[in-house]
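Data from coords-v7.cif: mmCIF, C-alpha atoms
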data_model
#
loop_
_atom_site.label_atom_id
_atom_site.label_comp_id
_atom_site.auth_asym_id
_atom_site.auth_seq_id
_atom_site.Cartn_x
_atom_site.Cartn_y
_atom_site.Cartn_z
CA MET D 1219 0.00 0.00 0.00
CA GLN D 1220 1.18 3.50 -0.83
CA ALA D 1221 0.49 5.98 1.97
CA PRO D 1222 -1.98 8.63 0.81
CA GLU D 1223 -0.64 12.17 0.59
CA PHE D 1224 -3.25 13.55 2.99
CA TRP D 1225 -1.76 11.48 5.81
CA ARG D 1226 1.13 13.95 5.85
CA HIS D 1227 -1.05 17.01 6.50
CA ASP D 1228 -4.05 17.69 8.69
CA GLY D 1229 -6.35 18.81 5.88
CA ALA D 1230 -10.06 18.66 5.15
CA LEU D 1231 -10.12 14.97 4.19
CA ALA D 1232 -8.28 13.96 7.35
CA ARG D 1233 -10.72 15.93 9.48
CA ALA D 1234 -13.68 14.42 7.63
CA LEU D 1235 -12.42 10.91 8.45
CA ALA D 1236 -11.76 11.72 12.11
CA PRO D 1237 -15.02 10.13 13.35
CA VAL D 1238 -13.97 6.82 11.80
CA SER D 1239 -10.62 7.15 13.59
CA ALA D 1240 -12.53 7.05 16.87
CA ILE D 1241 -13.57 3.51 15.97
CA THR D 1242 -9.91 2.60 15.38
CA ALA D 1243 -9.02 3.98 18.82
CA SER D 1244 -11.82 2.03 20.50
CA LEU D 1245 -10.96 -1.27 18.80
CA THR D 1246 -7.25 -0.90 19.60
CA ALA D 1247 -7.94 -0.10 23.25
CA ARG D 1248 -10.24 -3.11 23.54
CA ARG D 1249 -7.64 -5.39 21.94
CA MET D 1250 -4.79 -4.09 24.11
CA ALA D 1251 -6.81 -4.81 27.27
CA ARG D 1252 -6.61 -8.56 26.62
CA PRO D 1253 -4.18 -10.54 28.80
CA GLY D 1254 -1.06 -12.04 27.25
CA TRP D 1255 1.20 -15.02 27.87
CA GLN D 1256 4.26 -14.39 30.04
CA ALA D 1257 7.28 -16.14 28.52
CA PRO D 1258 9.97 -17.51 30.87
CA ILE D 1259 12.64 -15.63 28.87
CA PRO D 1260 13.18 -11.93 28.04
CA VAL D 1261 11.10 -10.54 25.16
CA LEU D 1262 12.19 -7.39 23.32
CA CYS D 1263 9.67 -5.86 20.91
CA CYS D 1264 10.75 -3.53 18.10
CA GLY D 1265 7.51 -1.84 17.12
CA ASN D 1266 6.09 1.37 15.78
CA VAL D 1267 2.90 3.38 15.87
CA THR D 1268 2.52 4.10 12.16
CA VAL D 1269 1.50 2.05 9.14
CA GLY D 1270 4.42 1.38 6.82
CA GLY D 1271 8.15 1.08 7.21
CA ALA D 1272 9.86 2.82 10.09
CA GLY D 1273 12.90 0.55 10.24
CA LYS D 1274 11.67 -2.11 12.67
CA THR D 1275 13.46 -4.99 10.94
CA THR D 1276 16.73 -3.05 10.79
CA VAL D 1277 16.50 -2.34 14.52
CA ALA D 1278 15.54 -5.94 15.32
CA LEU D 1279 18.59 -7.19 13.38
CA GLU D 1280 20.82 -4.71 15.20
CA PHE D 1281 19.63 -5.82 18.63
CA GLY D 1282 19.89 -9.45 17.54
CA ARG D 1283 23.53 -9.00 16.53
CA ARG D 1284 24.40 -7.33 19.80
CA LEU D 1285 22.72 -10.03 21.86
CA LEU D 1286 24.42 -12.78 19.86
CA ALA D 1287 27.75 -11.06 20.53
CA ARG D 1288 26.96 -11.47 24.24
CA GLY D 1289 26.48 -15.19 23.73
CA VAL D 1290 22.69 -15.03 24.08
CA ALA D 1291 20.66 -17.63 22.16
CA VAL D 1292 18.44 -15.16 20.32
CA HIS D 1293 15.36 -16.17 18.33
CA PHE D 1294 13.31 -13.76 16.23
CA LEU D 1295 9.51 -13.70 16.23
CA THR D 1296 7.42 -12.02 13.53
CA ARG D 1297 4.02 -12.14 11.90
CA GLY D 1298 5.45 -12.69 8.42
CA TYR D 1299 3.68 -9.88 6.61
CA GLY D 1300 3.08 -10.69 2.95
CA GLY D 1301 3.46 -14.45 3.41
CA ARG D 1302 0.80 -17.16 3.24
CA VAL D 1303 1.75 -19.20 6.27
CA THR D 1304 0.06 -18.54 9.61
CA GLY D 1305 2.60 -20.55 11.61
CA PRO D 1306 4.14 -21.19 13.91
CA LEU D 1307 6.91 -22.04 11.47
CA LEU D 1308 10.68 -21.98 11.87
CA VAL D 1309 11.92 -20.21 8.76
CA ASP D 1310 14.44 -22.00 6.57
CA PRO D 1311 15.91 -19.62 3.95
CA ALA D 1312 17.13 -22.61 1.96
CA CYS D 1313 13.64 -23.88 1.19
CA HIS D 1314 11.15 -21.16 2.12
CA ASP D 1315 10.43 -18.14 -0.05
CA ALA D 1316 8.91 -14.70 0.45
CA ALA D 1317 5.55 -15.82 -0.93
CA LEU D 1318 5.30 -18.34 1.91
CA VAL D 1319 6.82 -16.53 4.91
CA GLY D 1320 7.27 -12.90 3.82
CA ASP D 1321 10.50 -11.07 2.98
CA GLU D 1322 11.55 -9.81 6.42
CA PRO D 1323 11.61 -13.27 8.08
CA LEU D 1324 14.07 -14.46 5.44
CA LEU D 1325 16.45 -11.63 6.40
CA LEU D 1326 16.05 -12.31 10.12
CA ALA D 1327 16.59 -16.06 9.64
CA ARG D 1328 20.00 -15.43 8.09
CA LEU D 1329 21.18 -14.14 11.46
CA ALA D 1330 19.35 -16.32 13.99
CA PRO D 1331 16.37 -18.70 14.18
CA CYS D 1332 13.20 -16.89 13.13
CA TRP D 1333 9.64 -17.96 13.84
CA VAL D 1334 6.66 -16.80 11.80
CA ALA D 1335 3.46 -16.87 13.84
CA ARG D 1336 0.25 -14.88 13.56
CA ASP D 1337 -0.38 -16.02 17.16
CA ARG D 1338 2.70 -14.55 18.85
CA ALA D 1339 2.24 -16.51 22.09
CA THR D 1340 2.15 -19.83 20.24
CA GLY D 1341 5.26 -18.83 18.30
CA ALA D 1342 7.00 -17.83 21.51
CA ARG D 1343 6.21 -21.19 23.12
CA GLN D 1344 7.74 -22.98 20.14
CA ALA D 1345 10.87 -20.82 20.33
CA VAL D 1346 11.27 -21.46 24.06
CA ALA D 1347 10.90 -25.20 23.48
CA ALA D 1348 13.57 -24.98 20.76
CA GLY D 1349 16.08 -23.41 23.16
CA ALA D 1350 15.62 -19.66 22.79
CA ALA D 1351 17.09 -17.65 25.68
CA CYS D 1352 15.72 -14.33 24.40
CA LEU D 1353 13.06 -13.32 21.88
CA VAL D 1354 13.34 -10.28 19.63
CA MET D 1355 10.01 -9.35 18.04
CA ASP D 1356 9.89 -7.60 14.68
CA ASP D 1357 6.62 -5.64 15.08
CA GLY D 1358 3.86 -6.59 17.49
CA LEU D 1359 3.65 -3.50 19.69
CA GLN D 1360 -0.13 -3.47 19.19
CA ASN D 1361 -0.43 -7.24 19.72
CA PRO D 1362 -1.16 -8.13 23.38
CA GLY D 1363 -0.85 -11.90 22.97
CA LEU D 1364 2.71 -11.99 24.33
CA VAL D 1365 3.89 -9.96 27.33
CA LYS D 1366 6.97 -7.89 26.50
CA THR D 1367 9.88 -7.45 28.88
CA ALA D 1368 10.77 -4.25 27.05
CA SER D 1369 9.55 -2.49 23.91
CA VAL D 1370 11.17 0.17 21.76
CA LEU D 1371 9.20 2.57 19.58
CA VAL D 1372 10.91 2.85 16.19
CA VAL D 1373 10.38 6.25 14.53
CA ASP D 1374 11.40 7.31 11.04
CA GLY D 1375 12.70 10.86 11.33
CA ALA D 1376 11.71 11.75 7.76
CA THR D 1377 8.02 10.89 8.17
CA GLY D 1378 7.51 11.09 11.93
CA PHE D 1379 3.87 10.54 12.88
CA GLY D 1380 2.40 12.14 9.78
CA ASN D 1381 -0.63 14.28 10.54
CA GLY D 1382 -0.95 12.72 13.99
CA ARG D 1383 -4.33 11.12 13.31
CA LEU D 1384 -5.40 7.48 13.61
CA LEU D 1385 -6.40 5.28 10.69
CA PRO D 1386 -8.00 6.02 8.29
CA ALA D 1387 -7.63 9.78 8.85
CA GLY D 1388 -3.88 9.38 9.34
CA PRO D 1389 -1.11 6.79 9.53
CA LEU D 1390 -1.32 5.98 13.24
CA ARG D 1391 -2.29 2.54 14.51
CA GLU D 1392 -2.87 4.00 17.96
CA ASN D 1393 -2.31 7.18 19.94
CA VAL D 1394 1.37 8.08 20.27
CA ALA D 1395 1.08 8.65 24.01
CA ASN D 1396 -0.54 5.25 24.60
CA ALA D 1397 2.13 3.42 22.59
CA SER D 1398 4.96 5.37 24.25
CA ALA D 1399 3.66 4.48 27.70
CA ARG D 1400 4.37 0.80 26.97
CA CYS D 1401 7.91 1.45 25.70
CA ARG D 1402 11.25 1.55 27.47
CA ALA D 1403 12.83 3.79 24.80
CA ALA D 1404 12.35 5.22 21.33
CA VAL D 1405 14.71 4.70 18.39
CA LEU D 1406 14.80 7.69 16.04
CA ILE D 1407 16.28 6.84 12.62
CA GLY D 1408 17.53 9.85 10.68
CA LEU D 1409 17.01 13.55 11.29
CA ASP D 1410 13.78 14.49 13.04
CA THR D 1411 12.38 16.73 10.29
CA ASN D 1412 8.77 16.52 11.52
CA GLY D 1413 9.11 17.20 15.23
CA ALA D 1414 8.29 13.61 16.22
CA VAL D 1415 10.43 13.74 19.36
CA ASP D 1416 8.35 16.67 20.65
CA LEU D 1417 5.31 14.37 20.70
CA LEU D 1418 7.02 11.74 22.86
CA PRO D 1419 6.95 11.83 26.67
CA ALA D 1420 9.83 13.90 28.02
CA GLU D 1421 10.92 11.01 30.24
CA LEU D 1422 11.18 8.49 27.37
CA PRO D 1423 14.84 7.98 26.35
CA VAL D 1424 15.45 8.57 22.64
CA LEU D 1425 18.24 6.56 20.98
CA ARG D 1426 19.25 8.36 17.79
CA ALA D 1427 20.71 6.54 14.81
CA ARG D 1428 21.26 6.99 11.09
CA LEU D 1429 21.34 4.56 8.20
CA GLU D 1430 24.62 3.99 6.38
CA GLN D 1431 25.47 1.68 3.51
CA ASP D 1432 27.59 -1.35 4.32
CA ALA D 1433 28.95 -1.71 0.77
CA PRO D 1434 32.35 -0.06 0.10
CA TRP D 1435 32.14 -0.96 -3.60
CA LEU D 1436 29.46 1.71 -4.05
CA ASP D 1437 31.96 4.57 -3.90
CA GLY D 1438 32.24 5.79 -7.49
CA ALA D 1439 29.88 3.13 -8.90
CA ARG D 1440 27.25 4.06 -11.48
CA VAL D 1441 24.02 2.28 -10.59
CA LEU D 1442 20.40 1.73 -11.57
CA ALA D 1443 18.68 1.41 -8.21
CA PHE D 1444 15.30 -0.19 -7.60
CA ALA D 1445 13.35 -0.97 -4.45
CA GLY D 1446 9.93 -2.11 -3.31
CA ILE D 1447 9.98 -0.78 0.25
CA ALA D 1448 7.86 1.71 2.16
CA HIS D 1449 10.24 4.64 1.62
CA PRO D 1450 12.53 3.97 -1.37
CA GLY D 1451 13.88 7.52 -1.18
CA LYS D 1452 15.78 6.52 1.96
CA PHE D 1453 17.55 3.82 -0.05
CA TRP D 1454 18.48 6.30 -2.80
CA ALA D 1455 19.86 8.68 -0.15
CA THR D 1456 22.11 6.02 1.43
CA LEU D 1457 23.48 5.08 -1.99
CA ARG D 1458 24.37 8.69 -2.79
CA ALA D 1459 25.91 9.15 0.66
CA ALA D 1460 28.09 6.09 -0.03
CA GLY D 1461 29.44 7.75 -3.20
CA ALA D 1462 27.31 6.04 -5.85
CA GLU D 1463 26.05 7.85 -8.95
CA LEU D 1464 22.37 7.07 -9.44
CA VAL D 1465 21.85 6.95 -13.20
CA GLY D 1466 18.25 5.88 -12.62
CA THR D 1467 15.83 4.81 -9.90
CA ARG D 1468 12.73 2.63 -10.02
CA ALA D 1469 10.27 2.49 -7.10
CA PHE D 1470 7.84 -0.40 -6.62
CA PRO D 1471 5.13 -0.90 -3.95
CA ASP D 1472 6.22 -2.17 -0.55
CA HIS D 1473 6.62 -5.99 -0.49
CA HIS D 1474 6.17 -6.07 -4.28
CA PRO D 1475 6.34 -9.65 -5.68
CA TYR D 1476 8.75 -9.13 -8.58
CA ARG D 1477 7.95 -10.80 -11.87
CA ARG D 1478 10.64 -12.16 -14.15
CA GLY D 1479 9.80 -9.70 -16.92
CA GLU D 1480 10.19 -6.71 -14.60
CA ILE D 1481 13.64 -7.74 -13.43
CA GLN D 1482 14.83 -8.75 -16.87
CA ALA D 1483 13.76 -5.34 -18.19
CA LEU D 1484 15.75 -3.64 -15.43
CA LEU D 1485 18.81 -5.78 -16.17
CA ASP D 1486 18.54 -5.02 -19.88
CA GLU D 1487 18.30 -1.29 -19.14
CA ALA D 1488 21.30 -1.46 -16.84
CA ASP D 1489 23.26 -3.28 -19.54
CA ILE D 1490 22.41 -0.63 -22.14
CA LEU D 1491 23.41 2.16 -19.75
CA GLY D 1492 26.59 0.37 -18.72
CA VAL D 1493 25.66 0.50 -15.03
CA VAL D 1494 25.03 -1.92 -12.15
CA ALA D 1495 21.51 -2.89 -11.08
CA VAL D 1496 21.31 -2.62 -7.29
CA THR D 1497 18.59 -3.22 -4.72
CA THR D 1498 18.04 -3.80 -0.99
CA PRO D 1499 18.43 -7.12 0.86
CA LYS D 1500 14.68 -7.07 1.53
CA ASP D 1501 14.00 -6.81 -2.21
CA ALA D 1502 16.63 -9.38 -3.15
CA VAL D 1503 14.76 -12.22 -1.42
CA ARG D 1504 11.74 -11.46 -3.64
CA LEU D 1505 13.64 -11.69 -6.93
CA PRO D 1506 13.31 -14.72 -9.24
CA HIS D 1507 15.90 -17.12 -7.88
CA ASP D 1508 17.96 -17.50 -11.04
CA LEU D 1509 18.21 -13.72 -11.53
CA ARG D 1510 19.39 -12.82 -8.03
CA ALA D 1511 23.08 -13.24 -8.87
CA LEU D 1512 22.75 -10.62 -11.62
CA VAL D 1513 21.63 -7.90 -9.17
CA GLN D 1514 23.96 -6.32 -6.63
CA VAL D 1515 22.64 -6.01 -3.08
CA ALA D 1516 23.43 -3.02 -0.88
CA GLY D 1517 22.49 -3.37 2.78
CA VAL D 1518 22.42 -0.71 5.47
CA MET D 1519 23.63 -0.59 9.04
CA LEU D 1520 22.69 1.62 11.97
CA ARG D 1521 25.19 4.16 13.28
CA TRP D 1522 24.27 5.22 16.81
CA ASP D 1523 24.91 8.63 18.31
CA ASP D 1524 25.27 7.00 21.74
CA GLU D 1525 26.46 3.38 21.56
CA PRO D 1526 26.64 2.88 25.36
CA ALA D 1527 22.95 3.80 25.67
CA VAL D 1528 22.05 0.90 23.38
CA ASP D 1529 24.07 -1.50 25.52
CA ARG D 1530 22.43 -0.16 28.69
CA LEU D 1531 19.01 -0.92 27.22
CA LEU D 1532 20.09 -4.51 26.53
CA ASP D 1533 21.52 -4.75 30.06
CA VAL D 1534 18.06 -3.92 31.41
CA LEU D 1535 16.44 -6.46 29.09
CA MET D 1536 18.73 -9.29 30.13
CA GLY D 1537 18.47 -8.39 33.81
#
Before anything else, please render the file you have as structure tokens.
Amino acid sequence: MQAPEFWRHDGALARALAPVSAITASLTARRMARPGWQAPIPVLCCGNVTVGGAGKTTVALEFGRRLLARGVAVHFLTRGYGGRVTGPLLVDPACHDAALVGDEPLLLARLAPCWVARDRATGARQAVAAGAACLVMDDGLQNPGLVKTASVLVVDGATGFGNGRLLPAGPLRENVANASARCRAAVLIGLDTNGAVDLLPAELPVLRARLEQDAPWLDGARVLAFAGIAHPGKFWATLRAAGAELVGTRAFPDHHPYRRGEIQALLDEADILGVVAVTTPKDAVRLPHDLRALVQVAGVMLRWDDEPAVDRLLDVLMG
């Protein structure tokens, strides 16, 4: 889904839809009042309050790496957006594809065991039985089925909270204050160009980070970039910051299931231009298998303004 333009501004259409947003608020509050299952291991949720990409998977991977470096047996838990399976299913990147489990679980499973489960509590029980010592949830802040030890609110600095209204009048799944009250910290990715931090509780710690490319070969490279993510402009920006010359860009819908003809056309165009076709890791897992080797993949990493603050958060999580 492409976010409608009016979600960015509090205009007439947003105000007209405000009564429907009251229904969203009521349904969310009723759902969040349900009791959840308390796992016998720490549970860290990387969630957000808006529809669309804020960087939850990137943050979940970052926390997963740091916990693994501590020797913690981390397992990931996710709904598997875009996939058919309801789970619980332990993702195997060697035999599962994005159509079955979704694209993000395939990325998570490359780092540590990843469970897809619409019912988060059932997925958590399976992970515990399989030896997990800590669960990192990719999304699920508005899902009460599993009690969280700690949650972080992931915020994209470029989009913030949009017009500040709930669906369908705006991009919010729930009120920012209500979501923040359940979080131990917020993670702000990129510059706060929309004043999102001003809407967070003053006492909520804000961990600031920026996205950087983890591909030295990009410096000086001429590329044709394509992406089917929520905010492809962020990908273009990281490529330019890494020194790449973007000869062309092609944006597709988020979670777009690439067809062979689309990718072949991009490869043919890149060949004619004498450039390299490049995409994100999230897009790469959705490419036709035999064409993946012909597309370069450029992944990003998080650079933190305050590294010790991230470690202190994980210290709290692990007790």
Inset, instruction - Can you pull out every residue within 9 Å of segment 1365-1378 of chain D, counting all atoms listed in the file, but drop anything in the same chain fewer than 5 positions away, and send it as a ChimeraX atom specification? - result: /D:1226,1253-1257,1259-1268,1271-1274,1277,1339,1359,1397-1398,1400-1415,1452,1531,1534-1535
Inset, instruction - Can you pull out every residue within 12 Å of Arg1504 of chain D, counting only C-alpha atoms, but drop anything in the same chain fewer than 5 positions away, and send it as a PyMOL selection string? - result: chain D and resi 1300-1301+1311+1314-1325+1445-1447+1472-1478+1481+1497-1499+1509-1510+1513
Inset, instruction - Return as JSON, numbers by chain the set of residues that the PyMOL selection byres ((chain D and resi 1525) around 12) yields on the displayed structure. - result: {"D": [1280, 1281, 1284, 1425, 1426, 1427, 1520, 1521, 1522, 1523, 1524, 1526, 1527, 1528, 1529, 1530, 1531, 1532]}
Legend entry - Nearest to Arg1233 of chain D by atom-to-atom distance, counting only C-alpha atoms, from D:Leu1245, D:Leu1384, D:Leu1491, D:Ala1502: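 Closest to Arg1233 of chain D of all the choices is D:Leu1384.
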Legend entry - Computed interatomic separation between atom CA of Ala1327 of chain D and atom CA of Val1309 of chain D (Å):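 Atom-to-atom, atom CA of Ala1327 of chain D to atom CA of Val1309 of chain D, that is 6.3 Å.
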Enumerate, as an mmCIF file with C-alpha atoms, in the frame of the given file, the protein, DNA and RNA residues whose atoms approach (12.9, -11.8, 11.2) to within 9 Å, taking into account all atoms listed in the file and the coordinate frame of the file.
data_model
loop_
_atom_site.group_PDB
_atom_site.id
_atom_site.type_symbol
_atom_site.label_atom_id
_atom_site.label_comp_id
_atom_site.auth_asym_id
_atom_site.auth_seq_id
_atom_site.Cartn_x
_atom_site.Cartn_y
_atom_site.Cartn_z
ATOM 1 C CA THR D 1275 13.460 -4.990 10.940
ATOM 2 C CA ALA D 1278 15.540 -5.940 15.320
ATOM 3 C CA LEU D 1279 18.590 -7.190 13.380
ATOM 4 C CA HIS D 1293 15.360 -16.170 18.330
ATOM 5 C CA PHE D 1294 13.310 -13.760 16.230
ATOM 6 C CA LEU D 1295 9.510 -13.700 16.230
ATOM 7 C CA THR D 1296 7.420 -12.020 13.530
ATOM 8 C CA ARG D 1297 4.020 -12.140 11.900
ATOM 9 C CA GLY D 1298 5.450 -12.690 8.420
ATOM 10 C CA VAL D 1309 11.920 -20.210 8.760
ATOM 11 C CA ASP D 1321 10.500 -11.070 2.980
ATOM 12 C CA GLU D 1322 11.550 -9.810 6.420
ATOM 13 C CA PRO D 1323 11.610 -13.270 8.080
ATOM 14 C CA LEU D 1324 14.070 -14.460 5.440
ATOM 15 C CA LEU D 1325 16.450 -11.630 6.400
ATOM 16 C CA LEU D 1326 16.050 -12.310 10.120
ATOM 17 C CA ALA D 1327 16.590 -16.060 9.640
ATOM 18 C CA ARG D 1328 20.000 -15.430 8.090
ATOM 19 C CA LEU D 1329 21.180 -14.140 11.460
ATOM 20 C CA ALA D 1330 19.350 -16.320 13.990
ATOM 21 C CA PRO D 1331 16.370 -18.700 14.180
ATOM 22 C CA CYS D 1332 13.200 -16.890 13.130
ATOM 23 C CA TRP D 1333 9.640 -17.960 13.840
ATOM 24 C CA VAL D 1334 6.660 -16.800 11.800
ATOM 25 C CA VAL D 1354 13.340 -10.280 19.630
ATOM 26 C CA MET D 1355 10.010 -9.350 18.040
ATOM 27 C CA ASP D 1356 9.890 -7.600 14.680
#
Legend entry - Output of the PyMOL selection byres ((chain D and resi 1387-1393) around 9), listed as a PyMOL selection string: chain D and resi 1221-1222+1224-1228+1231-1239+1242-1243+1246-1247+1266-1270+1360+1379-1386+1394-1398
Inset, instruction - Tell me, in Å to one decimal, how far atom CA of Val1503 of chain D is from atom CA of Thr1304 of chain D. - result: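 We find that atom CA of Val1503 of chain D and atom CA of Thr1304 of chain D lie 19.4 Å from each other.
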Legend entry - Å distance separating atom CA of Arg1302 of chain D from atom CA of Arg1336 of chain D, one decimal place: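 Going from atom CA of Arg1302 of chain D over to atom CA of Arg1336 of chain D, I get 10.6 Å.
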Inset, instruction - Using all atoms listed in the file, collect all residues at a distance of at most 12 Å from (21.9, -8.0, -11.1) as written in the file, then present them as an MDAnalysis selection string. - result: chainID D and resid 1441:1444 1481:1489 1493:1498 1501:1502 1505:1516
Legend entry - Which residue of D:Leu1417, D:Arg1249, D:Glu1480, D:Leu1364 approaches Thr1340 of chain D most closely, using all atoms listed in the file: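 Closest residue, counting all atoms listed in the file: D:Leu1364.
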What are the centre and edge lengths in Å, to one decimal, of the axis-aligned box around all listed atoms of segment 1298-1301 of chain D with 3 Å added on each side, as lines of an AutoDock Vina configuration file?
center_x = 4.3
center_y = -12.2
center_z = 5.7
size_x = 8.4
size_y = 10.6
size_z = 11.5
Legend entry - Residue with smallest distance to Gly1289 of chain D - pool D:Val1518, D:Cys1313, D:Met1536, D:Ala1345, counting all atoms listed in the file: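 Using all atoms listed in the file, Gly1289 of chain D sits closest to D:Met1536.
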Would you fill out segment 1494-1510 of chain D with N, CA and C atoms and return it as a JSON list (two decimals), in the coordinates of the input?
[["chain", "number", "residue", "atom", "x", "y", "z"],
["D", 1494, "VAL", "N", 25.33, -0.76, -12.98],
["D", 1494, "VAL", "CA", 25.03, -1.92, -12.15],
["D", 1494, "VAL", "C", 23.61, -1.80, -11.60],
["D", 1495, "ALA", "N", 22.83, -2.85, -11.71],
["D", 1495, "ALA", "CA", 21.51, -2.89, -11.08],
["D", 1495, "ALA", "C", 21.70, -3.23, -9.61],
["D", 1496, "VAL", "N", 21.10, -2.44, -8.74],
["D", 1496, "VAL", "CA", 21.31, -2.62, -7.29],
["D", 1496, "VAL", "C", 19.98, -2.48, -6.57],
["D", 1497, "THR", "N", 19.81, -3.28, -5.52],
["D", 1497, "THR", "CA", 18.59, -3.22, -4.72],
["D", 1497, "THR", "C", 18.91, -3.51, -3.26],
["D", 1498, "THR", "N", 17.87, -3.57, -2.42],
["D", 1498, "THR", "CA", 18.04, -3.80, -0.99],
["D", 1498, "THR", "C", 18.01, -5.30, -0.69],
["D", 1499, "PRO", "N", 18.54, -5.71, 0.47],
["D", 1499, "PRO", "CA", 18.43, -7.12, 0.86],
["D", 1499, "PRO", "C", 16.98, -7.60, 0.94],
["D", 1500, "LYS", "N", 16.09, -6.72, 1.41],
["D", 1500, "LYS", "CA", 14.68, -7.07, 1.53],
["D", 1500, "LYS", "C", 14.06, -7.34, 0.16],
["D", 1501, "ASP", "N", 14.49, -6.58, -0.85],
["D", 1501, "ASP", "CA", 14.00, -6.81, -2.21],
["D", 1501, "ASP", "C", 14.63, -8.05, -2.83],
["D", 1502, "ALA", "N", 15.89, -8.28, -2.51],
["D", 1502, "ALA", "CA", 16.63, -9.38, -3.15],
["D", 1502, "ALA", "C", 15.97, -10.73, -2.91],
["D", 1503, "VAL", "N", 15.38, -10.92, -1.72],
["D", 1503, "VAL", "CA", 14.76, -12.22, -1.42],
["D", 1503, "VAL", "C", 13.46, -12.41, -2.19],
["D", 1504, "ARG", "N", 12.97, -11.36, -2.84],
["D", 1504, "ARG", "CA", 11.74, -11.46, -3.64],
["D", 1504, "ARG", "C", 12.03, -11.54, -5.14],
["D", 1505, "LEU", "N", 13.29, -11.58, -5.52],
["D", 1505, "LEU", "CA", 13.64, -11.69, -6.93],
["D", 1505, "LEU", "C", 13.51, -13.14, -7.40],
["D", 1506, "PRO", "N", 13.24, -13.36, -8.70],
["D", 1506, "PRO", "CA", 13.31, -14.72, -9.24],
["D", 1506, "PRO", "C", 14.67, -15.33, -8.93],
["D", 1507, "HIS", "N", 14.68, -16.54, -8.44],
["D", 1507, "HIS", "CA", 15.90, -17.12, -7.88],
["D", 1507, "HIS", "C", 17.07, -17.09, -8.84],
["D", 1508, "ASP", "N", 16.84, -17.40, -10.11],
["D", 1508, "ASP", "CA", 17.96, -17.50, -11.04],
["D", 1508, "ASP", "C", 18.45, -16.14, -11.53],
["D", 1509, "LEU", "N", 17.76, -15.06, -11.14],
["D", 1509, "LEU", "CA", 18.21, -13.72, -11.53],
["D", 1509, "LEU", "C", 18.88, -12.97, -10.38],
["D", 1510, "ARG", "N", 18.86, -13.53, -9.19],
["D", 1510, "ARG", "CA", 19.39, -12.82, -8.03],
["D", 1510, "ARG", "C", 20.88, -12.52, -8.17]]
